[in-house]
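J.: Just query_22.pdb, nothing more (PDB, C-alpha atoms and all ligand atoms):
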MODEL        1
ATOM      1  CA  MET Q  22     119.050 -93.757 -39.518
ATOM      2  CA  THR Q  23     115.347 -93.588 -38.554
ATOM      3  CA  PRO Q  24     114.967 -93.807 -34.756
ATOM      4  CA  GLN Q  25     113.178 -96.952 -33.635
ATOM      5  CA  PRO Q  26     109.985 -96.396 -31.611
ATOM      6  CA  ILE Q  27     110.274 -97.635 -28.024
ATOM      7  CA  CYS Q  28     108.434-100.921 -27.647
ATOM      8  CA  THR Q  29     107.021-100.575 -24.151
ATOM      9  CA  ALA Q  30     105.799-104.197 -24.188
ATOM     10  CA  GLN Q  31     109.407-105.324 -23.732
ATOM     11  CA  LEU Q  32     110.140-103.068 -20.774
ATOM     12  CA  PRO Q  33     110.195-104.340 -17.182
ATOM     13  CA  LEU Q  34     106.988-103.256 -15.430
ATOM     14  CA  SER Q  35     108.685-100.472 -13.432
ATOM     15  CA  LYS Q  36     110.141 -98.939 -16.607
ATOM     16  CA  ARG Q  37     106.827 -99.298 -18.341
ATOM     17  CA  LEU Q  38     105.123 -97.469 -15.464
ATOM     18  CA  LYS Q  39     107.745 -94.750 -15.570
ATOM     19  CA  ALA Q  40     107.379 -94.317 -19.346
ATOM     20  CA  GLY Q  41     103.579 -94.267 -19.063
ATOM     21  CA  THR Q  42     103.507 -91.627 -16.318
ATOM     22  CA  SER Q  43     106.480 -89.358 -16.964
ATOM     23  CA  ARG Q  44     104.274 -86.613 -18.408
ATOM     24  CA  ALA Q  45     101.783 -86.954 -15.526
ATOM     25  CA  HIS Q  46     104.668 -86.856 -13.055
ATOM     26  CA  ASP Q  47     106.182 -83.723 -14.519
ATOM     27  CA  SER Q  48     102.857 -81.885 -14.496
ATOM     28  CA  VAL Q  49     102.229 -82.840 -10.855
ATOM     29  CA  ASP Q  50     105.802 -81.911  -9.887
ATOM     30  CA  ALA Q  51     105.395 -78.475 -11.550
ATOM     31  CA  LEU Q  52     101.977 -77.966  -9.947
ATOM     32  CA  VAL Q  53     103.306 -78.807  -6.463
ATOM     33  CA  MET Q  54     106.220 -76.397  -6.848
ATOM     34  CA  SER Q  55     103.899 -73.665  -8.196
ATOM     35  CA  VAL Q  56     101.916 -73.575  -4.932
ATOM     36  CA  ARG Q  57     105.137 -73.093  -2.919
ATOM     37  CA  PRO Q  58     104.197 -75.605  -0.211
ATOM     38  CA  PHE Q  59     107.286 -74.877   1.876
ATOM     39  CA  ALA Q  60     107.076 -71.087   1.807
ATOM     40  CA  SER Q  61     105.622 -71.016   5.332
ATOM     41  CA  LEU Q  62     104.166 -73.314   7.957
ATOM     42  CA  GLU Q  63     100.713 -72.204   6.824
ATOM     43  CA  CYS Q  64     101.403 -73.351   3.231
ATOM     44  CA  TYR Q  65     102.899 -76.575   4.551
ATOM     45  CA  GLY Q  66      99.645 -77.166   6.462
ATOM     46  CA  TYR Q  67      97.788 -77.230   3.122
ATOM     47  CA  PHE Q  68     100.407 -79.612   1.734
ATOM     48  CA  LEU Q  69      99.897 -81.939   4.713
ATOM     49  CA  ARG Q  70      96.158 -81.961   4.055
ATOM     50  CA  LEU Q  71      96.888 -82.915   0.446
ATOM     51  CA  GLN Q  72      99.181 -85.733   1.588
ATOM     52  CA  HIS Q  73      96.494 -86.790   4.069
ATOM     53  CA  ASP Q  74      93.958 -87.083   1.230
ATOM     54  CA  PHE Q  75      96.335 -89.037  -1.016
ATOM     55  CA  HIS Q  76      97.886 -91.415   1.505
ATOM     56  CA  GLY Q  77      94.567 -91.792   3.341
ATOM     57  CA  ALA Q  78      92.748 -92.792   0.152
ATOM     58  CA  LEU Q  79      95.427 -95.421  -0.572
ATOM     59  CA  ASN Q  80      95.915 -96.666   2.969
ATOM     60  CA  ALA Q  81      93.668 -99.742   2.716
ATOM     61  CA  LEU Q  82      95.534-100.997  -0.383
ATOM     62  CA  TYR Q  83      98.600-101.574   1.807
ATOM     63  CA  ASP Q  84      96.634-104.132   3.860
ATOM     64  CA  ASP Q  85      95.021-105.880   0.905
ATOM     65  CA  ILE Q  86      95.737-109.621   1.101
ATOM     66  CA  GLU Q  87      96.134-110.218  -2.636
ATOM     67  CA  LEU Q  88      98.415-107.178  -3.029
ATOM     68  CA  ASN Q  89     100.536-108.383  -0.095
ATOM     69  CA  ARG Q  90     100.818-111.776  -1.758
ATOM     70  CA  LEU Q  91     102.122-110.082  -4.921
ATOM     71  CA  LEU Q  92     104.297-107.590  -3.040
ATOM     72  CA  PRO Q  93     105.507-109.187   0.231
ATOM     73  CA  GLY Q  94     106.166-106.616   2.954
ATOM     74  CA  LEU Q  95     103.705-104.105   1.464
ATOM     75  CA  SER Q  96     101.777-103.785   4.728
ATOM     76  CA  GLU Q  97     104.889-102.270   6.375
ATOM     77  CA  LEU Q  98     105.106 -99.352   3.931
ATOM     78  CA  PRO Q  99     102.109 -97.016   4.276
ATOM     79  CA  ARG Q 100     102.802 -93.423   5.312
ATOM     80  CA  PHE Q 101      99.299 -92.359   6.309
ATOM     81  CA  ASP Q 102      99.975 -92.613  10.060
ATOM     82  CA  ALA Q 103     103.128 -90.519   9.629
ATOM     83  CA  VAL Q 104     101.113 -87.843   7.774
ATOM     84  CA  CYS Q 105      98.604 -87.783  10.670
ATOM     85  CA  ALA Q 106     101.488 -87.479  13.157
ATOM     86  CA  ASP Q 107     102.884 -84.560  11.127
ATOM     87  CA  LEU Q 108      99.520 -82.788  11.295
ATOM     88  CA  ALA Q 109      99.424 -83.381  15.067
ATOM     89  CA  ASP Q 110     103.008 -82.044  15.433
ATOM     90  CA  LEU Q 111     101.845 -78.791  13.878
ATOM     91  CA  GLN Q 112      98.751 -78.743  16.108
ATOM     92  CA  LEU Q 113      96.548 -78.972  13.034
ATOM     93  CA  GLN Q 114      93.233 -80.729  13.099
ATOM     94  CA  ILE Q 115      93.372 -84.200  11.556
ATOM     95  CA  PRO Q 116      90.616 -84.344   8.921
ATOM     96  CA  PRO Q 117      88.335 -87.387   8.751
ATOM     97  CA  ALA Q 118      89.958 -90.270   6.829
ATOM     98  CA  PRO Q 119      89.180 -89.833   3.127
ATOM     99  CA  GLN Q 120      87.145 -92.327   1.163
ATOM    100  CA  ALA Q 121      89.284 -95.259   0.029
ATOM    101  CA  VAL Q 122      90.079 -95.452  -3.667
ATOM    102  CA  ALA Q 123      88.706 -98.461  -5.500
ATOM    103  CA  PRO Q 124      91.053 -99.300  -8.380
ATOM    104  CA  ARG Q 125      89.437-101.314 -11.177
ATOM    105  CA  SER Q 126      91.540-104.396 -10.436
ATOM    106  CA  THR Q 127      94.491-105.690  -8.432
ATOM    107  CA  TYR Q 128      96.724-104.756 -11.387
ATOM    108  CA  ALA Q 129      95.418-101.202 -11.464
ATOM    109  CA  ALA Q 130      96.099-101.079  -7.704
ATOM    110  CA  LEU Q 131      99.753-101.926  -8.451
ATOM    111  CA  GLY Q 132      99.932 -98.697 -10.456
ATOM    112  CA  TRP Q 133      98.495 -96.678  -7.560
ATOM    113  CA  LEU Q 134     101.120 -98.187  -5.263
ATOM    114  CA  TYR Q 135     103.901 -97.454  -7.771
ATOM    115  CA  CYS Q 136     102.817 -93.801  -7.716
ATOM    116  CA  SER Q 137     102.729 -93.657  -3.934
ATOM    117  CA  GLU Q 138     106.034 -95.480  -3.341
ATOM    118  CA  GLY Q 139     107.825 -93.585  -6.116
ATOM    119  CA  SER Q 140     106.811 -90.319  -4.507
ATOM    120  CA  ASN Q 141     109.342 -91.215  -1.771
ATOM    121  CA  LEU Q 142     112.120 -90.447  -4.254
ATOM    122  CA  GLY Q 143     111.050 -86.879  -4.955
ATOM    123  CA  ALA Q 144     110.391 -86.563  -1.218
ATOM    124  CA  ALA Q 145     114.168 -86.287  -0.741
ATOM    125  CA  PHE Q 146     113.988 -82.771  -2.198
ATOM    126  CA  LEU Q 147     110.805 -81.904  -0.359
ATOM    127  CA  PHE Q 148     112.292 -83.107   2.925
ATOM    128  CA  LYS Q 149     115.224 -80.710   2.492
ATOM    129  CA  ASP Q 150     112.777 -77.857   1.860
ATOM    130  CA  THR Q 151     110.914 -78.621   5.096
ATOM    131  CA  GLN Q 152     114.159 -78.077   7.008
ATOM    132  CA  GLN Q 153     114.038 -74.440   5.874
ATOM    133  CA  ILE Q 154     110.833 -74.018   7.867
ATOM    134  CA  GLY Q 155     112.239 -75.759  10.934
ATOM    135  CA  LEU Q 156     110.756 -79.248  10.476
ATOM    136  CA  THR Q 157     112.508 -82.584  10.958
ATOM    137  CA  ALA Q 158     111.994 -86.342  10.714
ATOM    138  CA  GLU Q 159     110.779 -86.211  14.330
ATOM    139  CA  ASN Q 160     108.637 -83.112  14.030
ATOM    140  CA  GLY Q 161     106.279 -82.257  11.193
ATOM    141  CA  ALA Q 162     108.131 -83.933   8.304
ATOM    142  CA  ARG Q 163     107.984 -87.574   9.420
ATOM    143  CA  HIS Q 164     106.230 -88.785   6.286
ATOM    144  CA  LEU Q 165     108.919 -87.286   4.003
ATOM    145  CA  ALA Q 166     111.854 -88.740   5.942
ATOM    146  CA  PRO Q 167     113.886 -91.511   4.274
ATOM    147  CA  HIS Q 168     113.198 -95.164   4.988
ATOM    148  CA  PRO Q 169     115.669 -96.488   7.627
ATOM    149  CA  ASP Q 170     117.422 -98.500   4.851
ATOM    150  CA  GLY Q 171     117.743 -95.380   2.680
ATOM    151  CA  ARG Q 172     115.465 -94.239  -0.117
ATOM    152  CA  ALA Q 173     117.430 -95.802  -2.974
ATOM    153  CA  LEU Q 174     117.660 -99.314  -1.512
ATOM    154  CA  HIS Q 175     114.044 -99.233  -0.444
ATOM    155  CA  TRP Q 176     112.977 -98.184  -3.962
ATOM    156  CA  ARG Q 177     115.180-100.828  -5.625
ATOM    157  CA  GLN Q 178     113.559-103.515  -3.475
ATOM    158  CA  PHE Q 179     110.079-102.323  -4.413
ATOM    159  CA  VAL Q 180     111.002-102.161  -8.115
ATOM    160  CA  ALA Q 181     112.447-105.695  -7.952
ATOM    161  CA  LEU Q 182     109.117-106.960  -6.611
ATOM    162  CA  LEU Q 183     107.171-105.182  -9.376
ATOM    163  CA  ASP Q 184     109.531-106.426 -12.075
ATOM    164  CA  GLY Q 185     109.368-109.993 -10.750
ATOM    165  CA  LEU Q 186     105.609-110.237 -11.339
ATOM    166  CA  GLU Q 187     104.472-112.312 -14.276
ATOM    167  CA  LEU Q 188     101.715-110.248 -15.833
ATOM    168  CA  SER Q 189      99.948-110.404 -19.152
ATOM    169  CA  GLU Q 190     100.097-107.426 -21.491
ATOM    170  CA  ALA Q 191      96.515-106.486 -20.512
ATOM    171  CA  GLN Q 192      97.438-106.595 -16.815
ATOM    172  CA  ARG Q 193     100.478-104.396 -17.430
ATOM    173  CA  GLU Q 194      98.230-101.925 -19.260
ATOM    174  CA  GLU Q 195      95.884-101.902 -16.259
ATOM    175  CA  ALA Q 196      98.810-101.121 -13.960
ATOM    176  CA  VAL Q 197      99.791 -98.135 -16.112
ATOM    177  CA  SER Q 198      96.167 -96.883 -16.128
ATOM    178  CA  GLY Q 199      96.106 -97.215 -12.340
ATOM    179  CA  ALA Q 200      99.293 -95.167 -12.005
ATOM    180  CA  VAL Q 201      97.930 -92.451 -14.311
ATOM    181  CA  ALA Q 202      94.701 -92.416 -12.259
ATOM    182  CA  ALA Q 203      96.763 -91.973  -9.082
ATOM    183  CA  PHE Q 204      98.557 -88.929 -10.514
ATOM    184  CA  ASP Q 205      95.177 -87.543 -11.681
ATOM    185  CA  PHE Q 206      93.817 -88.040  -8.171
ATOM    186  CA  TYR Q 207      96.784 -86.179  -6.669
ATOM    187  CA  ARG Q 208      96.423 -83.274  -9.105
ATOM    188  CA  ALA Q 209      92.675 -82.962  -8.436
ATOM    189  CA  ALA Q 210      93.193 -83.128  -4.647
ATOM    190  CA  LEU Q 211      95.850 -80.412  -4.857
ATOM    191  CA  ARG Q 212      93.479 -78.126  -6.786
ATOM    192  CA  ASP Q 213      90.735 -78.764  -4.194
ATOM    193  CA  ILE Q 214      92.933 -78.083  -1.207
ATOM    194  CA  PHE Q 215      95.246 -75.247  -2.172
ATOM    195  CA  PRO Q 216      93.494 -71.910  -2.459
ATOM    196  CA  ALA Q 217      93.653 -70.153  -5.856
ATOM    197  CA  THR Q 218      94.940 -73.005  -8.038
TER
HETATM  198  C1  LIG Q 301     107.586 -81.057  -6.232
HETATM  199  C2  LIG Q 301     107.243 -82.292  -6.207
HETATM  200  C3  LIG Q 301     108.076 -83.425  -6.757
HETATM  201  C4  LIG Q 301     109.380 -83.456  -7.143
HETATM  202  C5  LIG Q 301     110.394 -82.332  -7.118
HETATM  203  C6  LIG Q 301     109.658 -84.801  -7.579
HETATM  204  C7  LIG Q 301     110.871 -85.238  -8.033
HETATM  205  C8  LIG Q 301     111.161 -86.520  -8.369
HETATM  206  C9  LIG Q 301     112.455 -86.996  -8.773
HETATM  207  C10 LIG Q 301     113.701 -86.114  -8.891
HETATM  208  C11 LIG Q 301     112.345 -88.310  -9.021
HETATM  209  C12 LIG Q 301     113.439 -89.232  -9.528
HETATM  210  C13 LIG Q 301     114.343 -89.607  -8.421
HETATM  211  C14 LIG Q 301     115.352 -90.650  -8.824
HETATM  212  O1  LIG Q 301     115.229 -91.258  -9.901
HETATM  213  O2  LIG Q 301     116.249 -90.882  -8.012
HETATM  214  C15 LIG Q 301     110.980 -88.682  -8.776
HETATM  215  C16 LIG Q 301     110.483 -89.937  -8.942
HETATM  216  C17 LIG Q 301     109.159 -90.261  -8.777
HETATM  217  N1  LIG Q 301     108.162 -89.446  -8.292
HETATM  218 FE1  LIG Q 301     108.336 -87.502  -7.941
HETATM  219  N2  LIG Q 301     108.524 -85.551  -7.458
HETATM  220  C18 LIG Q 301     107.548 -84.744  -6.956
HETATM  221  C19 LIG Q 301     106.259 -85.091  -6.658
HETATM  222  C20 LIG Q 301     105.741 -86.338  -6.838
HETATM  223  C21 LIG Q 301     104.388 -86.705  -6.502
HETATM  224  C22 LIG Q 301     103.386 -85.769  -5.863
HETATM  225  C23 LIG Q 301     104.244 -88.010  -6.847
HETATM  226  C24 LIG Q 301     103.052 -88.900  -6.705
HETATM  227  C25 LIG Q 301     101.843 -88.508  -6.381
HETATM  228  C26 LIG Q 301     105.511 -88.463  -7.396
HETATM  229  C27 LIG Q 301     105.764 -89.721  -7.868
HETATM  230  C28 LIG Q 301     106.991 -90.157  -8.305
HETATM  231  C29 LIG Q 301     107.241 -91.486  -8.820
HETATM  232  C30 LIG Q 301     106.205 -92.586  -9.008
HETATM  233  C31 LIG Q 301     108.596 -91.558  -9.101
HETATM  234  C32 LIG Q 301     109.354 -92.782  -9.589
HETATM  235  C33 LIG Q 301     109.700 -92.663 -11.055
HETATM  236  C34 LIG Q 301     110.464 -93.911 -11.500
HETATM  237  O3  LIG Q 301     109.818 -94.870 -11.867
HETATM  238  O4  LIG Q 301     111.697 -93.877 -11.422
HETATM  239  N3  LIG Q 301     106.396 -87.414  -7.367
HETATM  240  N4  LIG Q 301     110.273 -87.576  -8.377
ENDMDL
END
What does this structure look like when you write it as structure tokens?
Ligand code: HEM
T.:
Amino acid sequence: MTPQPICTAQLPLSKRLKAGTSRAHDSVDALVMSVRPFASLECYGYFLRLQHDFHGALNALYDDIELNRLLPGLSELPRFDAVCADLADLQLQIPPAPQAVAPRSTYAALGWLYCSEGSNLGAAFLFKDTQQIGLTAENGARHLAPHPDGRALHWRQFVALLDGLELSEAQREEAVSGAVAAFDFYRAALRDIFPAT
């Protein structure tokens, strides 16, 4: 039997975002691991600067009124302050806040937020790695620590909000483009920050 192509138009938005970014995710995942960010506190310092660039650039989206209307509770989720606290824990200088990203539309911004919130899932593995270099949820690895309700529940709640939105096909496409742009941003920031990549 000939396999049927996947019709992404029928997928819930979260699945559509996942399908549209799985290649981007895997390349970013491999790139992060290749720079061995948890090999030493010095390497972790570079990783924190990368996280500072990413979460700092997205920070204003979490306070956006229209995005909070679409995703109630969004303003409670940003991790930028926790990244800054992690830098301070390690007595590293906190760089100036990066320029805010300006997604093309509210729907593209949803894709950026999907990328940022989803990164909490992979953070479970990264959080374990930080323990090898002596860091904890109270010292240096605050921004990778699980949400008080647990990562899985927190993610399911976010996914339910995304999947409950009534979007046109064009708006769903914009969300996927936004998520791809967010992964591209992360990859470019990593190459800027880590030496010899
Ligand atoms: C070494 C680095 C990384 C590893 C090992 C990793 C690993 C993972 C894993 C295992 C999952 C699936 C977890 C699950 O389904 O329970 C996941 C999901 C995800 N990660 Fe990563 N990740 C990494 C970096 C990143 C980065 C840097 C970003 C964003 C900038 C990111 C964004 C996402 C997103 C959006 C999802 C949700 C996928 C979905 O829709 O289910 N990840 N990651």
J.: When you count only C-alpha atoms, which of these residues is closest to Arg163 in chain Q: Q:Leu186, Q:Ala45, Q:Val56, Q:Ala106?
T.: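 Checking each of Q:Leu186, Q:Ala45, Q:Val56, Q:Ala106 against Arg163 in chain Q, counting only C-alpha atoms, the winner is Q:Ala106.
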J.: Neighbours of ligand LIG 301 (chain Q) at 10 Å or closer, counting only C-alpha atoms and all ligand atoms: which residues, as number ranges by chain?
T.: Q: 34-43, 45-58, 71-72, 75-76, 132-147, 172-173, 176-177, 180, 200-201, 203-208, 211
J.: Can you pull out the residues contacting Leu88 in chain Q? Cut-off 12 Å, using only C-alpha atoms, and skip same-chain residues under 2 positions away; I want them as a PyMOL selection string.
T.: chain Q and resi 81-86+90-96+126-134+182-183+186
J.: Calculated over all atoms listed in the file, which of the candidates Q:Ala191, Q:Arg100, Q:Asp184, Q:Pro124 has the smallest distance to Pro167 in chain Q?
T.: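 Smallest separation from Pro167 in chain Q among the options: Q:Arg100.
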J.: Determine the residue membership of the PyMOL selection byres (((chain Q and resi 162) around 9) and not hetatm) for the file above and supply it as a list of chain:residue names.
T.: Q:Ala103, Q:Val104, Q:Ala106, Q:Asp107, Q:Asp110, Q:Phe148, Q:Thr151, Q:Gln152, Q:Leu156, Q:Thr157, Q:Ala158, Q:Glu159, Q:Asn160, Q:Gly161, Q:Arg163, Q:His164, Q:Leu165, Q:Ala166
J.: I'd like the neighbourhood of Leu62 in chain Q as a list in words, where a residue qualifies if any of its atoms comes within 9 Å (using all atoms listed in the file), though same-chain residues fewer than 6 positions away should be ignored.
T.: Leu111, Ile154 and Gly155 of chain Q
J.: Could you tell me which residues the PyMOL selection byres (((chain Q and resi 215) around 10) and not hetatm) returns for this structure, as a PyMOL selection string?
T.: chain Q and resi 53+56+58+64+66-68+70-71+210-214+216-218
J.: Since we have the selection now, will you write its residues out, keeping C-alpha atoms, as a PDB file, keeping the file's coordinate frame?
T.:
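The resulting file, result_11.pdb, is shown below:
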ATOM      1  CA  VAL Q  53     103.306 -78.807  -6.463  1.00  0.00           C
ATOM      2  CA  VAL Q  56     101.916 -73.575  -4.932  1.00  0.00           C
ATOM      3  CA  PRO Q  58     104.197 -75.605  -0.211  1.00  0.00           C
ATOM      4  CA  CYS Q  64     101.403 -73.351   3.231  1.00  0.00           C
ATOM      5  CA  GLY Q  66      99.645 -77.166   6.462  1.00  0.00           C
ATOM      6  CA  TYR Q  67      97.788 -77.230   3.122  1.00  0.00           C
ATOM      7  CA  PHE Q  68     100.407 -79.612   1.734  1.00  0.00           C
ATOM      8  CA  ARG Q  70      96.158 -81.961   4.055  1.00  0.00           C
ATOM      9  CA  LEU Q  71      96.888 -82.915   0.446  1.00  0.00           C
ATOM     10  CA  ALA Q 210      93.193 -83.128  -4.647  1.00  0.00           C
ATOM     11  CA  LEU Q 211      95.850 -80.412  -4.857  1.00  0.00           C
ATOM     12  CA  ARG Q 212      93.479 -78.126  -6.786  1.00  0.00           C
ATOM     13  CA  ASP Q 213      90.735 -78.764  -4.194  1.00  0.00           C
ATOM     14  CA  ILE Q 214      92.933 -78.083  -1.207  1.00  0.00           C
ATOM     15  CA  PRO Q 216      93.494 -71.910  -2.459  1.00  0.00           C
ATOM     16  CA  ALA Q 217      93.653 -70.153  -5.856  1.00  0.00           C
ATOM     17  CA  THR Q 218      94.940 -73.005  -8.038  1.00  0.00           C
TER      18      THR Q 218
END
J.: Let me have the centre and edge lengths in Å, one decimal, of the box along x, y and z around every listed atom of range 31-39 of chain Q with 5 Å of margin on each side, as AutoDock Vina command-line options.
T.:
--center_x 107.7 --center_y -100.0 --center_z -18.6 --size_x 15.1 --size_y 20.6 --size_z 20.3
J.: Between Q:Glu63, Q:Ala121, Q:Thr29, Q:Pro99, which one has atoms that come closest to His168 in chain Q, using only C-alpha atoms?
T.: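 Checking each of Q:Glu63, Q:Ala121, Q:Thr29, Q:Pro99 against His168 in chain Q, counting only C-alpha atoms, the winner is Q:Pro99.
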J.: Taking the file as shown, find all residues satisfying the PyMOL selection byres (((chain Q and resi 119) around 7) and not hetatm) and write them as a list in words.
T.: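 Evaluating the PyMOL selection byres (((chain Q and resi 119) around 7) and not hetatm) on this file yields Asp74, Gly77, Ala78, Pro117, Ala118, Gln120 and Ala121 of chain Q.
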J.: For a test of reading the model, state the distance in Å between CA of Ala202 in chain Q and CA of Gln31 in chain Q, rounded to one decimal.
T.: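 Distance reported for this atom pair: 22.7 Å.
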J.: Work out how far apart CA of Pro116 in chain Q and CA of Gln153 in chain Q are and give it in Å to one decimal.
T.: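 CA of Pro116 in chain Q sits 25.6 Å away from CA of Gln153 in chain Q.
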J.: Can you tell me how far CA of Cys28 in chain Q sits from CA of His175 in chain Q, in Å to one decimal?
T.: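 Computing it gives 27.8 Å between the two atoms.
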